[in-house]
$ cat target_37.cif   # mmCIF, C-alpha atoms
data_protein
#
loop_
_atom_site.label_atom_id
_atom_site.label_comp_id
_atom_site.auth_asym_id
_atom_site.auth_seq_id
_atom_site.Cartn_x
_atom_site.Cartn_y
_atom_site.Cartn_z
CA MET L 1 -10.46 -22.95 -5.11
CA THR L 2 -9.88 -19.77 -7.11
CA GLN L 3 -8.70 -16.90 -4.91
CA LEU L 4 -9.79 -13.26 -5.13
CA VAL L 5 -7.16 -10.52 -4.80
CA PHE L 6 -8.15 -6.87 -4.36
CA VAL L 7 -5.45 -4.26 -5.12
CA HIS L 8 -6.46 -0.84 -3.81
CA GLY L 9 -5.46 2.60 -5.04
CA ARG L 10 -3.85 5.60 -3.36
CA ALA L 11 -5.16 7.81 -0.51
CA GLN L 12 -5.71 4.88 1.86
CA GLN L 13 -3.11 5.91 4.43
CA ASP L 14 -4.01 5.73 8.13
CA LYS L 15 -6.95 3.43 7.40
CA ASP L 16 -7.45 -0.04 8.84
CA ALA L 17 -6.69 -2.76 6.30
CA ASP L 18 -9.31 -5.17 7.65
CA ASP L 19 -12.00 -2.49 7.60
CA LEU L 20 -11.11 -1.56 4.02
CA LYS L 21 -11.25 -5.19 2.96
CA GLN L 22 -14.71 -5.52 4.44
CA GLU L 23 -15.83 -2.35 2.64
CA TRP L 24 -14.73 -3.83 -0.68
CA ILE L 25 -16.44 -7.14 0.06
CA ALA L 26 -19.66 -5.44 1.13
CA ALA L 27 -19.73 -3.34 -2.05
CA LEU L 28 -19.14 -6.42 -4.20
CA ARG L 29 -21.93 -8.27 -2.43
CA ARG L 30 -24.30 -5.37 -3.17
CA GLY L 31 -23.31 -5.51 -6.83
CA LEU L 32 -23.83 -9.26 -6.98
CA ALA L 33 -27.24 -8.99 -5.31
CA LYS L 34 -28.48 -6.86 -8.21
CA THR L 35 -28.41 -9.94 -10.43
CA GLY L 36 -29.31 -12.52 -7.80
CA LEU L 37 -25.74 -13.75 -7.31
CA ARG L 38 -23.81 -14.37 -4.12
CA LEU L 39 -20.12 -14.23 -3.34
CA PRO L 40 -18.95 -17.78 -4.11
CA LEU L 41 -16.06 -17.94 -1.64
CA PRO L 42 -15.46 -17.21 2.05
CA ASP L 43 -13.79 -14.02 3.21
CA ASP L 44 -10.59 -15.85 4.17
CA HIS L 45 -10.06 -16.71 0.49
CA ILE L 46 -10.01 -13.01 -0.37
CA ARG L 47 -6.63 -11.29 -0.18
CA PHE L 48 -6.25 -7.57 0.38
CA PRO L 49 -2.58 -6.55 0.28
CA PHE L 50 -2.38 -3.17 1.97
CA TYR L 51 0.24 -0.59 1.02
CA GLY L 52 -1.74 2.48 2.07
CA ASP L 53 0.92 3.88 4.39
CA THR L 54 3.91 3.20 2.15
CA LEU L 55 3.75 6.32 -0.01
CA ARG L 56 3.39 8.48 3.08
CA ASP L 57 6.11 6.70 5.05
CA LEU L 58 8.66 6.94 2.25
CA ALA L 59 8.23 10.67 1.68
CA THR L 60 9.46 13.37 4.04
CA ASP L 61 7.17 15.95 2.42
CA ARG L 62 4.00 13.87 2.60
CA ALA L 63 2.01 16.24 4.80
CA ASP L 64 2.58 19.07 2.31
CA VAL L 65 2.58 17.12 -0.93
CA ALA L 66 -0.53 18.78 -2.37
CA ASP L 67 0.88 22.21 -1.60
CA VAL L 68 4.27 21.24 -3.06
CA VAL L 69 2.71 20.15 -6.35
CA VAL L 70 0.19 22.98 -6.55
CA ARG L 71 2.86 25.62 -5.98
CA GLY L 72 5.50 23.81 -8.03
CA ASN L 73 8.12 24.24 -5.32
CA GLY L 74 10.57 21.36 -5.30
CA VAL L 75 9.06 19.63 -8.33
CA GLY L 76 11.82 18.41 -10.61
CA ALA L 77 11.85 18.95 -14.36
CA GLU L 78 10.93 15.35 -15.20
CA GLU L 79 8.01 15.26 -12.79
CA ALA L 80 6.86 18.69 -13.97
CA THR L 81 6.69 17.39 -17.54
CA PHE L 82 4.73 14.34 -16.34
CA VAL L 83 2.25 16.53 -14.42
CA ARG L 84 1.71 18.86 -17.37
CA MET L 85 1.12 15.94 -19.75
CA VAL L 86 -1.43 14.35 -17.43
CA LEU L 87 -3.26 17.63 -16.82
CA GLN L 88 -3.37 18.44 -20.52
CA GLU L 89 -5.15 15.14 -21.13
CA VAL L 90 -7.43 15.51 -18.10
CA ARG L 91 -8.57 18.99 -19.04
CA LYS L 92 -9.29 18.03 -22.65
CA GLN L 93 -11.34 15.03 -21.56
CA ALA L 94 -13.21 17.21 -19.05
CA GLY L 95 -13.96 19.81 -21.73
CA ILE L 96 -12.04 22.63 -20.04
CA SER L 97 -11.35 25.30 -22.66
CA ASP L 98 -8.31 27.53 -23.07
CA HIS L 99 -10.53 30.48 -22.18
CA GLN L 100 -11.62 28.88 -18.91
CA ILE L 101 -7.99 28.15 -18.04
CA LEU L 102 -6.98 31.74 -18.82
CA THR L 103 -9.84 33.06 -16.71
CA GLU L 104 -8.55 31.14 -13.69
CA ALA L 105 -5.00 32.49 -14.02
CA ASP L 106 -3.61 35.20 -11.80
CA VAL L 107 -3.40 38.53 -13.62
CA ALA L 108 0.40 38.50 -13.43
CA ASP L 109 0.51 35.01 -14.95
CA ARG L 110 -1.88 35.40 -17.88
CA VAL L 111 0.78 35.89 -20.52
CA ALA L 112 2.52 32.71 -19.38
CA VAL L 113 -0.78 30.79 -19.35
CA GLU L 114 -1.58 31.94 -22.89
CA ARG L 115 1.69 30.34 -23.99
CA GLY L 116 0.40 26.95 -22.95
CA PRO L 117 1.35 23.98 -20.76
CA GLN L 118 5.12 24.42 -20.90
CA ASN L 119 4.99 26.59 -17.75
CA TRP L 120 3.79 26.14 -14.16
CA PRO L 121 1.25 29.03 -14.06
CA TRP L 122 -0.67 27.06 -16.70
CA VAL L 123 -0.69 24.03 -14.35
CA LEU L 124 -2.09 26.15 -11.50
CA ALA L 125 -4.78 27.62 -13.76
CA VAL L 126 -5.83 24.16 -15.00
CA LEU L 127 -6.11 22.87 -11.44
CA ARG L 128 -8.29 25.86 -10.50
CA ALA L 129 -10.46 25.36 -13.59
CA LEU L 130 -10.96 21.66 -12.80
CA ASP L 131 -11.82 22.64 -9.22
CA LYS L 132 -14.41 25.10 -10.48
CA TYR L 133 -15.99 23.37 -13.46
CA VAL L 134 -15.80 19.61 -12.75
CA PRO L 135 -18.07 18.42 -9.91
CA GLY L 136 -16.39 16.27 -7.28
CA THR L 137 -12.90 17.23 -8.43
CA SER L 138 -10.35 19.06 -6.30
CA ALA L 139 -6.95 20.49 -7.12
CA PRO L 140 -5.25 18.81 -4.12
CA SER L 141 -6.62 15.37 -5.02
CA ILE L 142 -5.44 15.61 -8.64
CA ALA L 143 -2.09 17.01 -7.54
CA THR L 144 -1.46 14.18 -5.08
CA PHE L 145 -2.69 11.57 -7.57
CA THR L 146 -0.21 12.64 -10.23
CA HIS L 147 2.57 12.91 -7.66
CA ASP L 148 1.93 9.43 -6.21
CA VAL L 149 1.64 7.76 -9.60
CA TYR L 150 4.84 9.45 -10.75
CA ARG L 151 6.72 8.28 -7.68
CA TYR L 152 5.51 4.72 -8.10
CA LEU L 153 6.56 4.70 -11.75
CA ARG L 154 9.91 6.46 -11.35
CA ASN L 155 11.18 5.73 -7.82
CA ILE L 156 12.52 2.17 -7.66
CA GLY L 157 12.57 2.13 -3.85
CA ILE L 158 8.92 3.16 -3.55
CA ARG L 159 7.90 0.80 -6.34
CA ASP L 160 9.65 -2.15 -4.71
CA ARG L 161 8.07 -1.45 -1.32
CA ILE L 162 4.58 -1.24 -2.80
CA GLU L 163 5.03 -4.27 -5.01
CA SER L 164 6.54 -6.49 -2.32
CA GLY L 165 3.29 -6.61 -0.36
CA VAL L 166 1.13 -7.08 -3.44
CA ARG L 167 3.45 -9.75 -4.81
CA ALA L 168 3.10 -11.74 -1.58
CA ALA L 169 -0.64 -12.01 -2.25
CA PHE L 170 0.00 -13.49 -5.71
CA THR L 171 0.90 -17.17 -5.43
CA PRO L 172 1.25 -19.99 -7.96
CA ALA L 173 -0.61 -22.38 -5.65
CA GLU L 174 -4.11 -21.45 -6.85
CA PRO L 175 -5.65 -19.51 -9.72
CA MET L 176 -6.52 -15.90 -8.86
CA VAL L 177 -9.05 -13.32 -9.97
CA VAL L 178 -7.28 -9.97 -9.58
CA VAL L 179 -9.23 -6.72 -9.20
CA GLY L 180 -7.20 -3.49 -9.43
CA HIS L 181 -8.58 -0.02 -8.75
CA SER L 182 -6.95 3.28 -9.78
CA LEU L 183 -3.23 3.18 -8.89
CA GLY L 184 -3.85 -0.44 -7.89
CA SER L 185 -4.63 -1.24 -11.52
CA ILE L 186 -1.19 0.10 -12.49
CA VAL L 187 0.55 -1.86 -9.75
CA SER L 188 -1.25 -5.11 -10.50
CA TYR L 189 -0.81 -4.75 -14.28
CA ASN L 190 2.90 -4.02 -13.89
CA LEU L 191 3.42 -7.08 -11.68
CA LEU L 192 1.34 -9.45 -13.82
CA ARG L 193 2.95 -8.31 -17.08
CA ARG L 194 6.51 -8.35 -15.79
CA ASP L 195 6.55 -11.27 -13.35
CA GLY L 196 3.41 -13.34 -13.95
CA ALA L 197 4.75 -15.93 -16.39
CA ARG L 198 8.06 -16.31 -14.57
CA GLU L 199 6.38 -16.75 -11.17
CA GLY L 200 3.83 -19.23 -12.49
CA TRP L 201 0.80 -17.12 -11.58
CA THR L 202 -2.52 -18.10 -13.16
CA VAL L 203 -5.09 -15.32 -13.51
CA PRO L 204 -8.19 -16.52 -15.38
CA SER L 205 -9.74 -13.06 -14.97
CA PHE L 206 -8.19 -9.62 -14.48
CA VAL L 207 -10.64 -6.81 -13.69
CA THR L 208 -9.56 -3.16 -13.67
CA VAL L 209 -11.84 -0.32 -12.57
CA GLY L 210 -11.22 3.43 -12.61
CA SER L 211 -7.91 2.68 -14.29
CA PRO L 212 -5.57 5.41 -15.62
CA LEU L 213 -3.45 2.93 -17.60
CA ALA L 214 -4.38 4.55 -20.92
CA VAL L 215 -3.31 8.06 -19.87
CA THR L 216 -0.47 8.84 -22.28
CA ALA L 217 2.17 9.89 -19.74
CA ILE L 218 1.48 6.76 -17.65
CA LYS L 219 1.34 4.43 -20.62
CA ARG L 220 4.72 5.68 -21.84
CA GLN L 221 6.32 4.78 -18.52
CA LEU L 222 4.92 1.24 -18.83
CA SER L 223 5.90 0.72 -22.47
CA PRO L 224 5.64 -1.65 -24.23
CA VAL L 225 1.92 -2.21 -23.69
CA GLN L 226 1.21 -5.93 -23.40
CA HIS L 227 -1.54 -8.30 -22.34
CA PRO L 228 0.06 -10.18 -19.39
CA GLU L 229 0.84 -13.75 -20.42
CA CYS L 230 -0.59 -15.16 -17.20
CA VAL L 231 -3.97 -13.43 -17.68
CA GLY L 232 -6.91 -15.04 -19.46
CA ARG L 233 -9.74 -12.53 -19.79
CA TRP L 234 -9.21 -8.84 -19.00
CA PHE L 235 -12.27 -6.72 -18.27
CA ASN L 236 -11.96 -2.95 -17.73
CA ALA L 237 -14.74 -0.66 -16.53
CA PHE L 238 -15.01 3.06 -15.83
CA ASP L 239 -17.41 5.96 -15.46
CA PRO L 240 -16.84 8.44 -18.32
CA ARG L 241 -17.02 11.27 -15.74
CA ASP L 242 -14.10 9.80 -13.77
CA VAL L 243 -11.22 12.25 -14.30
CA VAL L 244 -8.66 9.58 -13.38
CA ALA L 245 -9.82 6.93 -15.84
CA LEU L 246 -9.79 8.99 -19.01
CA HIS L 247 -9.86 6.37 -21.76
CA PRO L 248 -10.89 2.79 -22.47
CA LEU L 249 -8.15 0.19 -22.75
CA ASP L 250 -8.91 -0.36 -26.41
CA ALA L 251 -7.09 -0.47 -29.74
CA ALA L 252 -6.92 3.32 -29.92
CA TYR L 253 -5.52 3.98 -26.45
CA PHE L 254 -4.10 0.69 -25.10
CA PRO L 255 -3.66 -1.86 -27.89
CA THR L 256 -3.12 -5.42 -26.68
CA THR L 257 -3.47 -8.93 -28.06
CA PRO L 258 -5.86 -10.35 -27.04
CA VAL L 259 -7.91 -7.20 -26.68
CA VAL L 260 -9.24 -5.89 -23.38
CA GLU L 261 -13.02 -5.89 -23.03
CA ASN L 262 -14.25 -2.46 -21.93
CA LYS L 263 -17.38 -1.20 -20.20
CA THR L 264 -17.46 2.57 -20.62
CA ASP L 265 -20.84 3.46 -19.12
CA VAL L 266 -20.54 2.74 -15.40
CA ASP L 267 -22.71 5.11 -13.35
CA ASN L 268 -20.50 5.57 -10.32
CA PRO L 269 -22.54 7.45 -7.69
CA THR L 270 -19.59 8.37 -5.45
CA GLU L 271 -18.82 12.08 -5.15
CA ASN L 272 -15.81 12.07 -7.48
CA ARG L 273 -17.14 9.26 -9.74
CA HIS L 274 -13.97 7.33 -8.87
CA GLY L 275 -14.75 5.60 -5.56
CA ILE L 276 -14.32 1.83 -5.40
CA SER L 277 -17.77 1.20 -3.93
CA GLY L 278 -19.40 2.73 -7.00
CA TYR L 279 -17.48 0.34 -9.23
CA LEU L 280 -17.95 -2.88 -7.26
CA GLU L 281 -21.65 -2.16 -6.88
CA ASP L 282 -22.04 -2.07 -10.67
CA ALA L 283 -23.91 -5.22 -11.66
CA ASP L 284 -21.75 -5.94 -14.73
CA VAL L 285 -18.49 -5.50 -12.83
CA ALA L 286 -19.71 -7.75 -10.01
CA ARG L 287 -20.93 -10.37 -12.48
CA ARG L 288 -17.55 -10.48 -14.24
CA ILE L 289 -15.75 -11.01 -10.96
CA HIS L 290 -18.20 -13.78 -10.09
CA ALA L 291 -17.72 -15.42 -13.49
CA GLY L 292 -13.95 -15.42 -13.03
CA LEU L 293 -14.32 -17.12 -9.66
CA THR L 294 -16.76 -19.78 -10.81
CA ARG L 295 -15.84 -20.45 -14.45
CA PRO L 296 -14.10 -23.84 -14.85
#
$ encode --input "target_37.cif" --output "structure tokens"
Amino acid sequence: MTQLVFVHGRAQQDKDADDLKQEWIAALRRGLAKTGLRLPLPDDHIRFPFYGDTLRDLATDRADVADVVVRGNGVGAEEATFVRMVLQEVRKQAGISDHQILTEADVADRVAVERGPQNWPWVLAVLRALDKYVPGTSAPSIATFTHDVYRYLRNIGIRDRIESGVRAAFTPAEPMVVVGHSLGSIVSYNLLRRDGAREGWTVPSFVTVGSPLAVTAIKRQLSPVQHPECVGRWFNAFDPRDVVALHPLDAAYFPTTPVVENKTDVDNPTENRHGISGYLEDADVARRIHAGLTRP
């Protein structure tokens, strides 16, 4: 029987893994019900590798990470460049103008902000502007998102700890439908692309939702962009208001052969347009997962 593997995103620390798994399953069932379908496998054939506490446990500054990033204290030059690149893309996609950014700057910092994203006062002003003008968005959440993604991409120890648990859920014994959300889409893509063929994994369907894979700074860290050899069909879906998933995984932003099929009009009703329940409850997303599980 084909297995289903859910790979969650960040900000899951201190949560119960079994409860989270049931939340994902319940949301998928609601999405399937919209088209008269039912989950075609029992819960014990659904794997939910949990790494929610890893990022927190491996960082001594975890409790203050949002403050660290927002203030810029202790942020190295390489990470600072990464943060600025991500925020530049986020603010453009959100329609935040240079004038709005300047308006949010402290008076003493306005000259620096006018010079553009090469300086940290510009970062602070962008975060404030996103807080003010984009519903459901908060400066701390964006700050911690960029910090966590950067650490996964650049810290080998953190990456290995996260990937070890997810890798254990990927086995060559049965085919798998893999669903990756947010940072989980990066983790699952990285594993499938790098290790899938060598490990003998078979993934007839790979589904990514709310994925930031096409964000330029992230994509560069994962270069070269490739369709994982072990993956058959790849379906990607996002809400265009989701400030994490900025672009489709298409020829313009994430060119692969074969191409990724994209759904760019999800109406995710969660507060930040990024929540997993809003994606799994989408009828098209649920139907694609079902098709991957039942297709011969």
$ residues_around --input "target_37.cif" --residues "Ile218 in chain L" --least-positions-apart "6" --cutoff "10 Å" --atoms "all atoms listed in the file" --output "list in words"
Phe82, Met85, Val86, Thr146, Val149, Tyr150, Leu153, Ile186 and Pro212 of chain L
$ residues_near_point --input "target_37.cif" --point "(-13.6, -21.7, -11.3)" --cutoff "12 Å" --atoms "all atoms listed in the file" --output "list in words"
Met1, Thr2, Gln3, Leu4, Pro40, Leu41, Glu174, Pro175, Met176, Val177, Thr202, Val203, Pro204, Ser205, Ile289, His290, Ala291, Gly292, Leu293, Thr294, Arg295 and Pro296 of chain L
$ closest_residue --input "target_37.cif" --among "L:Phe235, L:Leu87, L:Asn155, L:Lys219" --to "Arg287 in chain L" --atoms "only C-alpha atoms"
L:Phe235
$ residues_around --input "target_37.cif" --residues "Asp284 in chain L" --least-positions-apart "5" --cutoff "10 Å" --atoms "all atoms listed in the file" --output "VMD selection string"
chain L and resid 31 to 32 34 to 35 237 263 266 279 289 to 290
$ resolve_selection --input "target_37.cif" --expression "the PyMOL selection byres ((chain L and resi 183) around 7)" --output "PyMOL selection string"
chain L and resi 9-10+149+181-182+184-187
$ write_last_selection --input "target_37.cif" --atoms "C-alpha atoms" --output "CSV table (one decimal), in the coordinates of the input"
chain,number,residue,atom,x,y,z
L,9,GLY,CA,-5.5,2.6,-5.0
L,10,ARG,CA,-3.8,5.6,-3.4
L,149,VAL,CA,1.6,7.8,-9.6
L,181,HIS,CA,-8.6,0.0,-8.8
L,182,SER,CA,-7.0,3.3,-9.8
L,184,GLY,CA,-3.8,-0.4,-7.9
L,185,SER,CA,-4.6,-1.2,-11.5
L,186,ILE,CA,-1.2,0.1,-12.5
L,187,VAL,CA,0.6,-1.9,-9.8
$ resolve_selection --input "target_37.cif" --expression "the PyMOL selection byres ((chain L and resi 230) around 6)" --output "mmCIF file with C-alpha atoms, keeping the file's coordinate frame"
data_model
loop_
_atom_site.group_PDB
_atom_site.id
_atom_site.type_symbol
_atom_site.label_atom_id
_atom_site.label_comp_id
_atom_site.auth_asym_id
_atom_site.auth_seq_id
_atom_site.Cartn_x
_atom_site.Cartn_y
_atom_site.Cartn_z
ATOM 1 C CA GLY L 196 3.410 -13.340 -13.950
ATOM 2 C CA ALA L 197 4.750 -15.930 -16.390
ATOM 3 C CA THR L 202 -2.520 -18.100 -13.160
ATOM 4 C CA VAL L 203 -5.090 -15.320 -13.510
ATOM 5 C CA PRO L 228 0.060 -10.180 -19.390
ATOM 6 C CA GLU L 229 0.840 -13.750 -20.420
ATOM 7 C CA VAL L 231 -3.970 -13.430 -17.680
#
$ residues_around --input "target_37.cif" --residues "Pro121 in chain L" --least-positions-apart "6" --cutoff "12 Å" --atoms "all atoms listed in the file" --output "PyMOL selection string"
chain L and resi 69-72+80+84+101-102+104-115+127-128
$ residues_around --input "target_37.cif" --residues "Leu20 in chain L" --least-positions-apart "5" --cutoff "10 Å" --atoms "only C-alpha atoms" --output "count of residues only"
7
$ closest_residue --input "target_37.cif" --among "L:Pro240, L:Gly275, L:Pro49, L:Gly36" --to "Asn262 in chain L" --atoms "all atoms listed in the file"
L:Pro240
$ residues_around --input "target_37.cif" --residues "Asp160 in chain L" --least-positions-apart "3" --cutoff "12 Å" --atoms "only C-alpha atoms" --output "mmCIF file with C-alpha atoms, keeping the file's coordinate frame"
data_model
loop_
_atom_site.group_PDB
_atom_site.id
_atom_site.type_symbol
_atom_site.label_atom_id
_atom_site.label_comp_id
_atom_site.auth_asym_id
_atom_site.auth_seq_id
_atom_site.Cartn_x
_atom_site.Cartn_y
_atom_site.Cartn_z
ATOM 1 C CA TYR L 51 0.240 -0.590 1.020
ATOM 2 C CA THR L 54 3.910 3.200 2.150
ATOM 3 C CA LEU L 55 3.750 6.320 -0.010
ATOM 4 C CA LEU L 58 8.660 6.940 2.250
ATOM 5 C CA ARG L 151 6.720 8.280 -7.680
ATOM 6 C CA TYR L 152 5.510 4.720 -8.100
ATOM 7 C CA LEU L 153 6.560 4.700 -11.750
ATOM 8 C CA ARG L 154 9.910 6.460 -11.350
ATOM 9 C CA ASN L 155 11.180 5.730 -7.820
ATOM 10 C CA ILE L 156 12.520 2.170 -7.660
ATOM 11 C CA GLY L 157 12.570 2.130 -3.850
ATOM 12 C CA GLU L 163 5.030 -4.270 -5.010
ATOM 13 C CA SER L 164 6.540 -6.490 -2.320
ATOM 14 C CA GLY L 165 3.290 -6.610 -0.360
ATOM 15 C CA VAL L 166 1.130 -7.080 -3.440
ATOM 16 C CA ARG L 167 3.450 -9.750 -4.810
ATOM 17 C CA VAL L 187 0.550 -1.860 -9.750
ATOM 18 C CA ASN L 190 2.900 -4.020 -13.890
ATOM 19 C CA LEU L 191 3.420 -7.080 -11.680
#
$ atom_distance --input "target_37.cif" --atom1 "CA of Arg29 in chain L" --atom2 "CA of Ile162 in chain L"
27.4 Å
$ resolve_selection --input "target_37.cif" --expression "the PyMOL selection byres ((chain L and resi 227) around 10)" --output "list of chain:residue names"
L:Tyr189, L:Leu192, L:Arg193, L:Pro224, L:Val225, L:Gln226, L:Pro228, L:Glu229, L:Cys230, L:Val231, L:Gly232, L:Arg233, L:Trp234, L:Phe254, L:Pro255, L:Thr256, L:Thr257, L:Pro258, L:Val259, L:Val260
$ residues_near_point --input "target_37.cif" --point "(-17.5, 3.7, -16.7)" --cutoff "9 Å" --atoms "only C-alpha atoms" --output "ChimeraX atom specification"
/L:209-210,236-242,245,248,262-268,273,279
$ decode --input "target_37.cif" --residues "range 214-286 of chain L" --atoms "C-alpha atoms" --output "JSON list (two decimals), in the first residue's frame"
[["chain", "number", "residue", "atom", "x", "y", "z"],
["L", 214, "ALA", "CA", 11.17, 29.82, -5.37],
["L", 215, "VAL", "CA", 12.32, 32.70, -3.13],
["L", 216, "THR", "CA", 15.60, 33.75, -4.73],
["L", 217, "ALA", "CA", 17.81, 33.64, -1.63],
["L", 218, "ILE", "CA", 16.50, 30.17, -0.74],
["L", 219, "LYS", "CA", 16.70, 28.85, -4.28],
["L", 220, "ARG", "CA", 20.34, 29.92, -4.54],
["L", 221, "GLN", "CA", 21.23, 27.89, -1.46],
["L", 222, "LEU", "CA", 19.62, 24.81, -3.07],
["L", 223, "SER", "CA", 21.20, 25.26, -6.50],
["L", 224, "PRO", "CA", 21.06, 23.56, -8.92],
["L", 225, "VAL", "CA", 17.27, 23.38, -9.15],
["L", 226, "GLN", "CA", 16.20, 19.87, -10.14],
["L", 227, "HIS", "CA", 13.12, 17.69, -10.28],
["L", 228, "PRO", "CA", 13.99, 14.83, -7.87],
["L", 229, "GLU", "CA", 14.64, 11.65, -9.83],
["L", 230, "CYS", "CA", 12.53, 9.57, -7.46],
["L", 231, "VAL", "CA", 9.46, 11.81, -7.87],
["L", 232, "GLY", "CA", 6.77, 11.21, -10.48],
["L", 233, "ARG", "CA", 4.26, 14.06, -10.42],
["L", 234, "TRP", "CA", 4.95, 17.25, -8.46],
["L", 235, "PHE", "CA", 2.00, 19.46, -7.56],
["L", 236, "ASN", "CA", 2.52, 22.82, -5.84],
["L", 237, "ALA", "CA", -0.23, 25.03, -4.41],
["L", 238, "PHE", "CA", -0.30, 28.37, -2.63],
["L", 239, "ASP", "CA", -2.47, 31.33, -1.73],
["L", 240, "PRO", "CA", -1.19, 34.45, -3.56],
["L", 241, "ARG", "CA", -1.59, 36.39, -0.29],
["L", 242, "ASP", "CA", 0.78, 34.02, 1.54],
["L", 243, "VAL", "CA", 3.91, 36.10, 2.23],
["L", 244, "VAL", "CA", 6.02, 32.96, 2.64],
["L", 245, "ALA", "CA", 5.11, 31.33, -0.67],
["L", 246, "LEU", "CA", 5.89, 34.20, -3.00],
["L", 247, "HIS", "CA", 6.11, 32.54, -6.40],
["L", 248, "PRO", "CA", 4.92, 29.50, -8.33],
["L", 249, "LEU", "CA", 7.43, 26.75, -9.00],
["L", 250, "ASP", "CA", 7.31, 27.40, -12.72],
["L", 251, "ALA", "CA", 9.69, 28.03, -15.61],
["L", 252, "ALA", "CA", 10.21, 31.65, -14.57],
["L", 253, "TYR", "CA", 11.01, 31.06, -10.91],
["L", 254, "PHE", "CA", 11.88, 27.36, -10.45],
["L", 255, "PRO", "CA", 12.60, 25.70, -13.81],
["L", 256, "THR", "CA", 12.61, 21.90, -13.70],
["L", 257, "THR", "CA", 12.22, 19.03, -16.14],
["L", 258, "PRO", "CA", 9.57, 17.71, -15.98],
["L", 259, "VAL", "CA", 7.77, 20.88, -14.96],
["L", 260, "VAL", "CA", 5.97, 21.32, -11.65],
["L", 261, "GLU", "CA", 2.20, 21.74, -11.88],
["L", 262, "ASN", "CA", 1.08, 24.83, -9.96],
["L", 263, "LYS", "CA", -2.19, 25.94, -8.41],
["L", 264, "THR", "CA", -1.88, 29.64, -7.64],
["L", 265, "ASP", "CA", -5.38, 30.51, -6.45],
["L", 266, "VAL", "CA", -5.83, 28.70, -3.14],
["L", 267, "ASP", "CA", -8.13, 30.64, -0.80],
["L", 268, "ASN", "CA", -6.47, 29.88, 2.52],
["L", 269, "PRO", "CA", -8.79, 31.17, 5.27],
["L", 270, "THR", "CA", -6.24, 30.98, 8.09],
["L", 271, "GLU", "CA", -5.22, 34.30, 9.64],
["L", 272, "ASN", "CA", -1.85, 34.57, 7.90],
["L", 273, "ARG", "CA", -2.98, 32.75, 4.71],
["L", 274, "HIS", "CA", -0.19, 30.24, 5.39],
["L", 275, "GLY", "CA", -1.70, 27.73, 7.84],
["L", 276, "ILE", "CA", -1.64, 24.06, 6.88],
["L", 277, "SER", "CA", -5.34, 23.51, 7.55],
["L", 278, "GLY", "CA", -6.24, 26.07, 4.91],
["L", 279, "TYR", "CA", -4.16, 24.20, 2.36],
["L", 280, "LEU", "CA", -5.24, 20.65, 3.13],
["L", 281, "GLU", "CA", -8.88, 21.72, 3.17],
["L", 282, "ASP", "CA", -8.57, 22.97, -0.43],
["L", 283, "ALA", "CA", -10.48, 20.52, -2.61],
["L", 284, "ASP", "CA", -7.87, 20.45, -5.40],
["L", 285, "VAL", "CA", -4.98, 19.86, -3.00],
["L", 286, "ALA", "CA", -6.88, 17.07, -1.23]]
